[in-house]
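With compact mmCIF, C-alpha atoms inside, this is query_22.txt:
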```txt
# COMPACT_ATOMS: atom_id res chain seq x y z
CA MET V 1 -11.84 -21.48 -35.30
CA PRO V 2 -9.00 -21.58 -32.71
CA PHE V 3 -8.33 -17.92 -33.50
CA ASP V 4 -11.98 -17.03 -32.79
CA ILE V 5 -11.87 -18.80 -29.42
CA ALA V 6 -8.59 -17.06 -28.50
CA MET V 7 -10.05 -13.71 -29.59
CA ILE V 8 -13.21 -14.23 -27.51
CA ILE V 9 -11.21 -15.28 -24.43
CA ALA V 10 -8.81 -12.33 -24.83
CA SER V 11 -11.75 -9.91 -25.17
CA VAL V 12 -13.49 -11.34 -22.10
CA VAL V 13 -10.29 -11.18 -20.01
CA ALA V 14 -9.63 -7.59 -21.18
CA ALA V 15 -13.24 -6.61 -20.38
CA ILE V 16 -13.03 -8.16 -16.88
CA ILE V 17 -9.74 -6.39 -16.07
CA LEU V 18 -11.02 -3.05 -17.36
CA LEU V 19 -14.32 -3.48 -15.48
CA MET V 20 -12.37 -4.11 -12.26
CA GLY V 21 -10.32 -0.97 -12.91
CA VAL V 22 -13.41 1.14 -13.58
CA THR V 23 -15.06 -0.22 -10.41
CA VAL V 24 -12.03 0.68 -8.28
CA VAL V 25 -11.87 4.22 -9.70
CA TRP V 26 -15.66 4.64 -9.22
CA LEU V 27 -15.43 3.49 -5.59
CA ILE V 28 -12.52 5.88 -4.98
CA VAL V 29 -14.31 8.83 -6.59
CA THR V 30 -17.51 8.16 -4.57
CA ASN V 31 -15.39 7.81 -1.39
CA ARG V 32 -16.40 4.23 -0.73
CA ILE V 33 -12.68 3.38 -0.90
CA ASN V 34 -11.13 5.71 1.64
CA LEU V 35 -7.74 7.12 0.59
CA THR V 36 -7.40 9.55 3.51
CA HIS V 37 -4.48 7.67 5.05
CA LEU V 38 -2.90 6.43 1.81
CA VAL V 39 0.45 8.00 2.73
CA SER V 40 0.04 8.14 6.52
CA GLU V 41 1.48 6.06 9.32
CA PRO V 42 -0.48 5.00 12.41
CA VAL V 43 -0.23 7.28 15.46
CA ALA V 44 2.83 6.55 17.61
CA LYS V 45 2.42 5.99 21.35
CA GLY V 46 4.58 8.92 22.48
CA ASP V 47 3.48 11.29 19.72
CA PRO V 48 2.48 14.60 21.35
CA ASP V 49 0.22 15.40 18.35
CA GLY V 50 -1.97 12.31 18.45
CA THR V 51 -2.72 12.61 14.71
CA PRO V 52 -1.52 10.26 11.93
CA LYS V 53 1.58 11.61 10.22
CA ALA V 54 2.21 11.47 6.47
CA SER V 55 5.08 9.15 5.55
CA LEU V 56 7.63 10.37 3.03
CA SER V 57 8.77 6.84 2.11
CA ARG V 58 5.19 5.81 1.27
CA PHE V 59 4.80 8.94 -0.82
CA GLN V 60 8.07 8.28 -2.68
CA PHE V 61 7.06 4.65 -3.34
CA LEU V 62 3.72 5.89 -4.73
CA ILE V 63 5.40 8.42 -7.06
CA PHE V 64 7.99 5.96 -8.46
CA THR V 65 5.33 3.28 -8.99
CA PHE V 66 3.06 5.65 -10.93
CA VAL V 67 5.94 7.06 -13.00
CA ILE V 68 7.50 3.74 -14.01
CA ALA V 69 4.19 1.92 -14.57
CA GLY V 70 2.76 4.82 -16.60
CA LEU V 71 5.86 5.23 -18.77
CA TYR V 72 6.10 1.47 -19.29
CA LEU V 73 2.52 1.34 -20.59
CA ALA V 74 2.88 4.48 -22.73
CA LEU V 75 6.16 3.38 -24.36
CA SER V 76 4.90 -0.19 -24.84
CA LEU V 77 1.94 1.24 -26.75
CA GLU V 78 4.29 3.35 -28.87
CA ALA V 79 6.62 0.40 -29.60
CA GLY V 80 3.79 -2.09 -30.16
CA THR V 81 5.54 -4.63 -27.92
CA LEU V 82 6.57 -5.06 -24.29
CA ILE V 83 9.69 -2.97 -23.67
CA GLU V 84 12.80 -3.54 -21.50
CA VAL V 85 12.98 -2.06 -18.01
CA PRO V 86 16.58 -0.94 -17.24
CA ASN V 87 18.29 -2.04 -14.03
CA GLY V 88 18.43 1.55 -12.79
CA ALA V 89 14.61 1.81 -12.79
CA LEU V 90 14.31 -1.48 -10.92
CA MET V 91 16.92 -0.26 -8.42
CA LEU V 92 14.95 2.95 -7.83
CA LEU V 93 11.79 0.94 -7.15
CA GLY V 94 13.80 -1.38 -4.88
CA ILE V 95 15.31 1.54 -2.94
CA SER V 96 11.93 3.19 -2.35
CA GLY V 97 10.34 -0.17 -1.41
CA GLY V 98 13.20 -0.92 0.97
CA SER V 99 12.97 2.55 2.47
CA TYR V 100 9.22 2.05 3.03
CA LEU V 101 9.84 -1.30 4.75
CA ALA V 102 12.64 0.11 6.93
CA SER V 103 10.44 3.06 7.88
CA LYS V 104 7.61 0.69 8.79
CA TYR V 105 10.00 -1.54 10.77
CA SER V 106 11.32 1.44 12.73
CA ARG V 107 7.81 2.02 14.10
CA VAL V 108 7.15 -1.58 15.19
CA GLY V 109 6.27 -1.49 18.88
CA GLU V 110 5.77 2.26 18.76
CA THR V 111 2.12 2.13 17.76
CA ASP V 112 -0.61 0.82 20.05
CA PRO V 113 -0.65 -3.00 20.05
CA PRO V 114 -3.93 -4.80 19.32
CA SER V 115 -5.99 -5.28 22.49
CA PRO V 116 -5.44 -8.73 24.09
CA PRO V 117 -8.35 -11.21 24.27
CA VAL V 118 -10.66 -10.59 27.25
CA GLN V 119 -9.88 -12.96 30.17
CA PRO V 120 -12.86 -14.11 32.34
CA THR V 121 -12.89 -12.93 35.98
CA PRO V 122 -12.59 -15.59 38.79
CA GLN V 123 -16.34 -15.14 39.53
CA GLN V 124 -17.22 -15.80 35.87
CA ARG V 125 -14.96 -18.86 35.87
CA ALA V 126 -16.62 -20.22 39.07
CA ALA V 127 -20.13 -19.62 37.65
CA ALA V 128 -19.21 -21.40 34.41
CA LYS V 129 -17.77 -24.35 36.38
CA GLN V 130 -20.95 -24.54 38.54
CA ALA V 131 -23.16 -24.46 35.43
CA ALA V 132 -21.12 -27.29 33.88
CA ILE V 133 -21.43 -29.40 37.05
CA GLU V 134 -25.22 -28.83 37.16
CA LEU V 135 -25.57 -29.74 33.49
CA ALA V 136 -23.59 -32.96 34.02
CA ALA V 137 -25.74 -33.84 37.06
CA GLU V 138 -28.97 -33.25 35.06
CA ARG V 139 -27.72 -35.43 32.26
CA GLU V 140 -26.76 -38.19 34.68
CA ALA V 141 -30.20 -38.06 36.38
CA ALA V 142 -31.96 -38.20 33.00
CA ALA V 143 -29.86 -41.22 32.01
CA GLN V 144 -30.68 -42.97 35.30
CA GLN V 145 -34.42 -42.32 34.84
CA ALA V 146 -34.29 -43.69 31.32
CA ALA V 147 -32.46 -46.82 32.54
CA ALA V 148 -35.05 -47.31 35.33
CA ARG V 149 -37.95 -46.97 32.86
CA GLN V 150 -36.30 -49.50 30.59
CA ALA V 151 -35.82 -51.96 33.48
CA ALA V 152 -39.47 -51.53 34.65
CA ALA V 153 -40.87 -52.11 31.17
CA PRO V 154 -42.19 -55.70 30.55
CA MET G 10 -6.25 -10.75 -30.62
CA ARG G 11 -4.08 -7.63 -31.15
CA ASP G 12 -7.19 -5.44 -30.88
CA ALA G 13 -8.03 -6.84 -27.44
CA ALA G 14 -4.42 -6.31 -26.26
CA TRP G 15 -4.42 -2.77 -27.69
CA ILE G 16 -7.72 -1.90 -25.95
CA LEU G 17 -6.46 -3.41 -22.68
CA GLU G 18 -3.19 -1.49 -22.82
CA TRP G 19 -4.90 1.82 -23.62
CA GLY G 20 -7.52 1.12 -20.96
CA LEU G 21 -4.85 0.44 -18.32
CA LEU G 22 -2.93 3.58 -19.28
CA VAL G 23 -6.07 5.74 -19.03
CA TRP G 24 -6.98 4.03 -15.73
CA LEU G 25 -3.50 4.72 -14.32
CA LEU G 26 -3.66 8.37 -15.42
CA ILE G 27 -7.10 8.83 -13.85
CA LEU G 28 -5.89 7.20 -10.63
CA ALA G 29 -2.75 9.38 -10.59
CA GLY G 30 -4.92 12.47 -11.23
CA VAL G 31 -7.34 11.62 -8.41
CA VAL G 32 -4.48 10.94 -5.95
CA THR G 33 -2.62 14.14 -6.97
CA LEU G 34 -5.76 16.29 -6.58
CA ARG G 35 -6.54 14.78 -3.19
CA VAL G 36 -2.98 15.19 -1.92
CA LEU G 37 -3.01 18.84 -3.03
CA SER G 38 -6.46 19.51 -1.54
CA GLY G 39 -5.56 17.75 1.72
CA SER G 40 -8.23 15.02 1.42
CA ILE G 41 -5.33 12.59 1.53
CA HIS G 42 -3.66 13.37 4.84
CA ASN G 43 -0.33 15.07 4.06
CA VAL G 44 0.53 16.81 7.32
CA GLY G 45 4.01 15.86 8.51
CA LEU G 46 5.39 15.03 5.08
CA ILE G 47 8.34 17.39 5.51
CA SER G 48 8.04 18.28 9.17
CA HIS G 49 8.58 16.55 12.48
CA THR G 50 6.90 17.27 15.82
CA ASP G 51 9.46 17.69 18.58
CA ALA G 52 9.01 16.91 22.28
CA SER G 53 7.56 20.35 22.96
CA GLY G 54 4.83 19.70 20.35
CA ARG G 55 6.18 22.20 17.81
CA ARG G 56 6.30 21.26 14.15
CA ARG G 57 9.67 21.87 12.51
CA ILE G 58 10.59 21.43 8.85
CA ARG G 59 13.33 18.78 8.60
CA PRO G 60 16.03 19.34 5.95
CA GLU G 61 16.52 15.62 5.22
CA ARG G 62 12.80 15.22 4.50
CA LEU G 63 12.78 18.28 2.27
CA LEU G 64 15.84 16.97 0.41
CA LEU G 65 14.28 13.53 -0.13
CA LEU G 66 10.98 15.02 -1.33
CA ALA G 67 12.73 17.46 -3.69
CA SER G 68 15.10 14.84 -5.13
CA SER G 69 12.34 12.24 -5.65
CA LEU G 70 9.81 14.64 -7.18
CA GLY G 71 12.46 16.44 -9.24
CA TYR G 72 13.94 13.30 -10.69
CA ALA G 73 10.47 11.79 -11.35
CA VAL G 74 9.48 14.86 -13.39
CA TYR G 75 12.84 14.90 -15.22
CA TYR G 76 12.57 11.15 -16.00
CA VAL G 77 9.04 11.50 -17.41
CA ALA G 78 10.12 14.46 -19.58
CA THR G 79 13.20 12.56 -20.84
CA ALA G 80 11.24 9.40 -21.62
CA LEU G 81 8.58 11.28 -23.56
CA GLN G 82 11.06 13.43 -25.53
CA THR G 83 13.63 10.75 -26.42
CA PRO G 84 12.77 8.90 -29.65
CA LEU G 85 12.20 5.19 -29.00
CA ASP G 86 14.74 2.74 -30.45
CA MET G 87 12.39 0.36 -32.29
CA ALA G 88 15.08 -2.35 -32.60
CA ASP G 89 15.48 -2.60 -28.83
CA PRO G 90 12.72 -0.56 -27.12
CA SER G 91 13.44 0.25 -23.49
CA LEU G 92 12.69 2.79 -20.75
CA PRO G 93 15.48 5.41 -20.52
CA GLU G 94 18.55 4.38 -18.50
CA ILE G 95 18.92 5.89 -15.04
CA PRO G 96 22.53 6.99 -14.38
CA ASN G 97 24.34 5.40 -11.43
CA GLU G 98 24.92 8.87 -9.96
CA VAL G 99 21.16 9.41 -9.67
CA VAL G 100 20.63 5.99 -8.05
CA THR G 101 23.43 6.78 -5.57
CA ALA G 102 21.94 10.21 -4.81
CA ILE G 103 18.47 8.77 -4.18
CA LEU G 104 20.02 6.01 -2.04
CA GLY G 105 21.93 8.65 -0.05
CA THR G 106 18.89 10.86 0.59
CA ASN G 107 16.86 7.79 1.62
CA GLY G 108 19.67 6.71 3.93
CA ALA G 109 19.88 10.16 5.55
CA TYR G 110 16.10 10.29 6.00
CA LEU G 111 15.93 6.80 7.52
CA SER G 112 18.89 7.22 9.86
CA LEU G 113 17.59 10.52 11.24
CA LYS G 114 14.13 9.03 11.57
CA LEU G 115 15.55 6.08 13.53
CA LEU G 116 17.48 8.49 15.77
CA GLN G 117 14.32 10.54 16.43
CA THR G 118 12.33 7.36 17.12
CA SER G 119 14.90 5.96 19.56
CA GLY G 120 15.10 9.38 21.25
CA ARG G 121 11.35 9.46 21.86
CA THR G 122 10.84 5.93 23.16
```
Would you mind writing the structure in this file as structure tokens?
Amino acid sequence: MPFDIAMIIASVVAAIILLMGVTVVWLIVTNRINLTHLVSEPVAKGDPDGTPKASLSRFQFLIFTFVIAGLYLALSLEAGTLIEVPNGALMLLGISGGSYLASKYSRVGETDPPSPPVQPTPQQRAAAKQAAIELAAEREAAAQQAAARQAAAP
Amino acid sequence: MRDAAWILEWGLLVWLLILAGVVTLRVLSGSIHNVGLISHTDASGRRRIRPERLLLLASSLGYAVYYVATALQTPLDMADPSLPEIPNEVVTAILGTNGAYLSLKLLQTSGRT
């Protein structure tokens, strides 16, 4: 009985993960997930081109990730168990990840910053203040009328 | 239980291969933007191929292909299964090409701003 429950749960988890994978691939193939700028960096402020430029460090990170993940899965299937990942492979992934981060950091401040929140003009501020004063006056008058009605009531 | 794990592992491998195939095809066809991978636009707006970029691309791609070929050809040690070792010389070479690429990129960036 416990084995059956474990088997059912494992099958459901496997089905969910595979379904998610199939969905992602389907969305990529039908272009609903846009990969156009997968290896590009945003346009820099002083760039004379004005077009996004492909980033070599992103591309290298992508290649090493695919290679090591693919080989890990393939050899794990062959061995029938999870296999060891040597330090050299982890170092390669670390170098390409670090290079990607350094490349990204080198462009901080170079790309267009997000637009600041819109500040109201002095006229808008004055109109808002006037509207608030009028609203407060109306509320006060309504409260006074209600108090007078209450006092006049027998 | 083993069947579910086996199906999941095969499924993930196939998924990864499909994803790698789609990305490779799109990079080659240009649907994934690849302009500027080995070139740099100078102040006059001309695109020039940069040697450090070419070196990094060649060393990364070359070693990735060599590593895949080695891993698939070398018989797996069933007593202690592992991915093939990567020699220190290769790690140093990749580190060096990355360092050259990043330092020249930083120089170009500081020169422009």
Pull out every residue of chain V sitting within 6 Å of chain G, counting all atoms listed in the file, and send them as a PDB file with C-alpha atoms, in the coordinates of the input.
```pdb
ATOM      1  CA  MET V   7     -10.050 -13.710 -29.590  1.00  0.00           C
ATOM      2  CA  SER V  11     -11.750  -9.910 -25.170  1.00  0.00           C
ATOM      3  CA  ALA V  14      -9.630  -7.590 -21.180  1.00  0.00           C
ATOM      4  CA  THR V  36      -7.400   9.550   3.510  1.00  0.00           C
ATOM      5  CA  HIS V  37      -4.480   7.670   5.050  1.00  0.00           C
ATOM      6  CA  PRO V  48       2.480  14.600  21.350  1.00  0.00           C
ATOM      7  CA  LYS V  53       1.580  11.610  10.220  1.00  0.00           C
ATOM      8  CA  ALA V  54       2.210  11.470   6.470  1.00  0.00           C
ATOM      9  CA  SER V  55       5.080   9.150   5.550  1.00  0.00           C
ATOM     10  CA  LEU V  56       7.630  10.370   3.030  1.00  0.00           C
ATOM     11  CA  ILE V  83       9.690  -2.970 -23.670  1.00  0.00           C
ATOM     12  CA  GLU V  84      12.800  -3.540 -21.500  1.00  0.00           C
ATOM     13  CA  VAL V  85      12.980  -2.060 -18.010  1.00  0.00           C
ATOM     14  CA  PRO V  86      16.580  -0.940 -17.240  1.00  0.00           C
ATOM     15  CA  GLY V  88      18.430   1.550 -12.790  1.00  0.00           C
TER      16      GLY V  88
END
```
- request: Work out how far apart CA of Leu38 in chain V and CA of Met20 in chain V are and give it in Å to one decimal.
  value: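 One can read the CA of Leu38 in chain V to CA of Met20 in chain V distance as 20.0 Å.
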For range 39-50 of chain G, I'd like the enclosing box, axis-aligned and padded by 3 Å on every side, reported as AutoDock Vina command-line options with centre and edge lengths in Å to one decimal.
```
--center_x 0.2 --center_y 15.4 --center_z 8.6 --size_x 22.8 --size_y 11.7 --size_z 20.4
```
- prompt: Between V:Pro122, V:Thr30, V:Arg58, V:Val25, which has the minimum distance to Ser103 in chain V (counting all atoms listed in the file)?
  reply: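 Closest to Ser103 in chain V, using all atoms listed in the file: V:Arg58.
With CA of Gly97 in chain V on one side and CA of Gly30 in chain G on the other, the separation reads 22.1 Å.
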query: Which residues come within 10 Å of Leu93 in chain V, counting all atoms listed in the file, excluding same-chain residues fewer than 4 positions away, as a ChimeraX atom specification?
result: /V:60-65,68,87-89,97-99
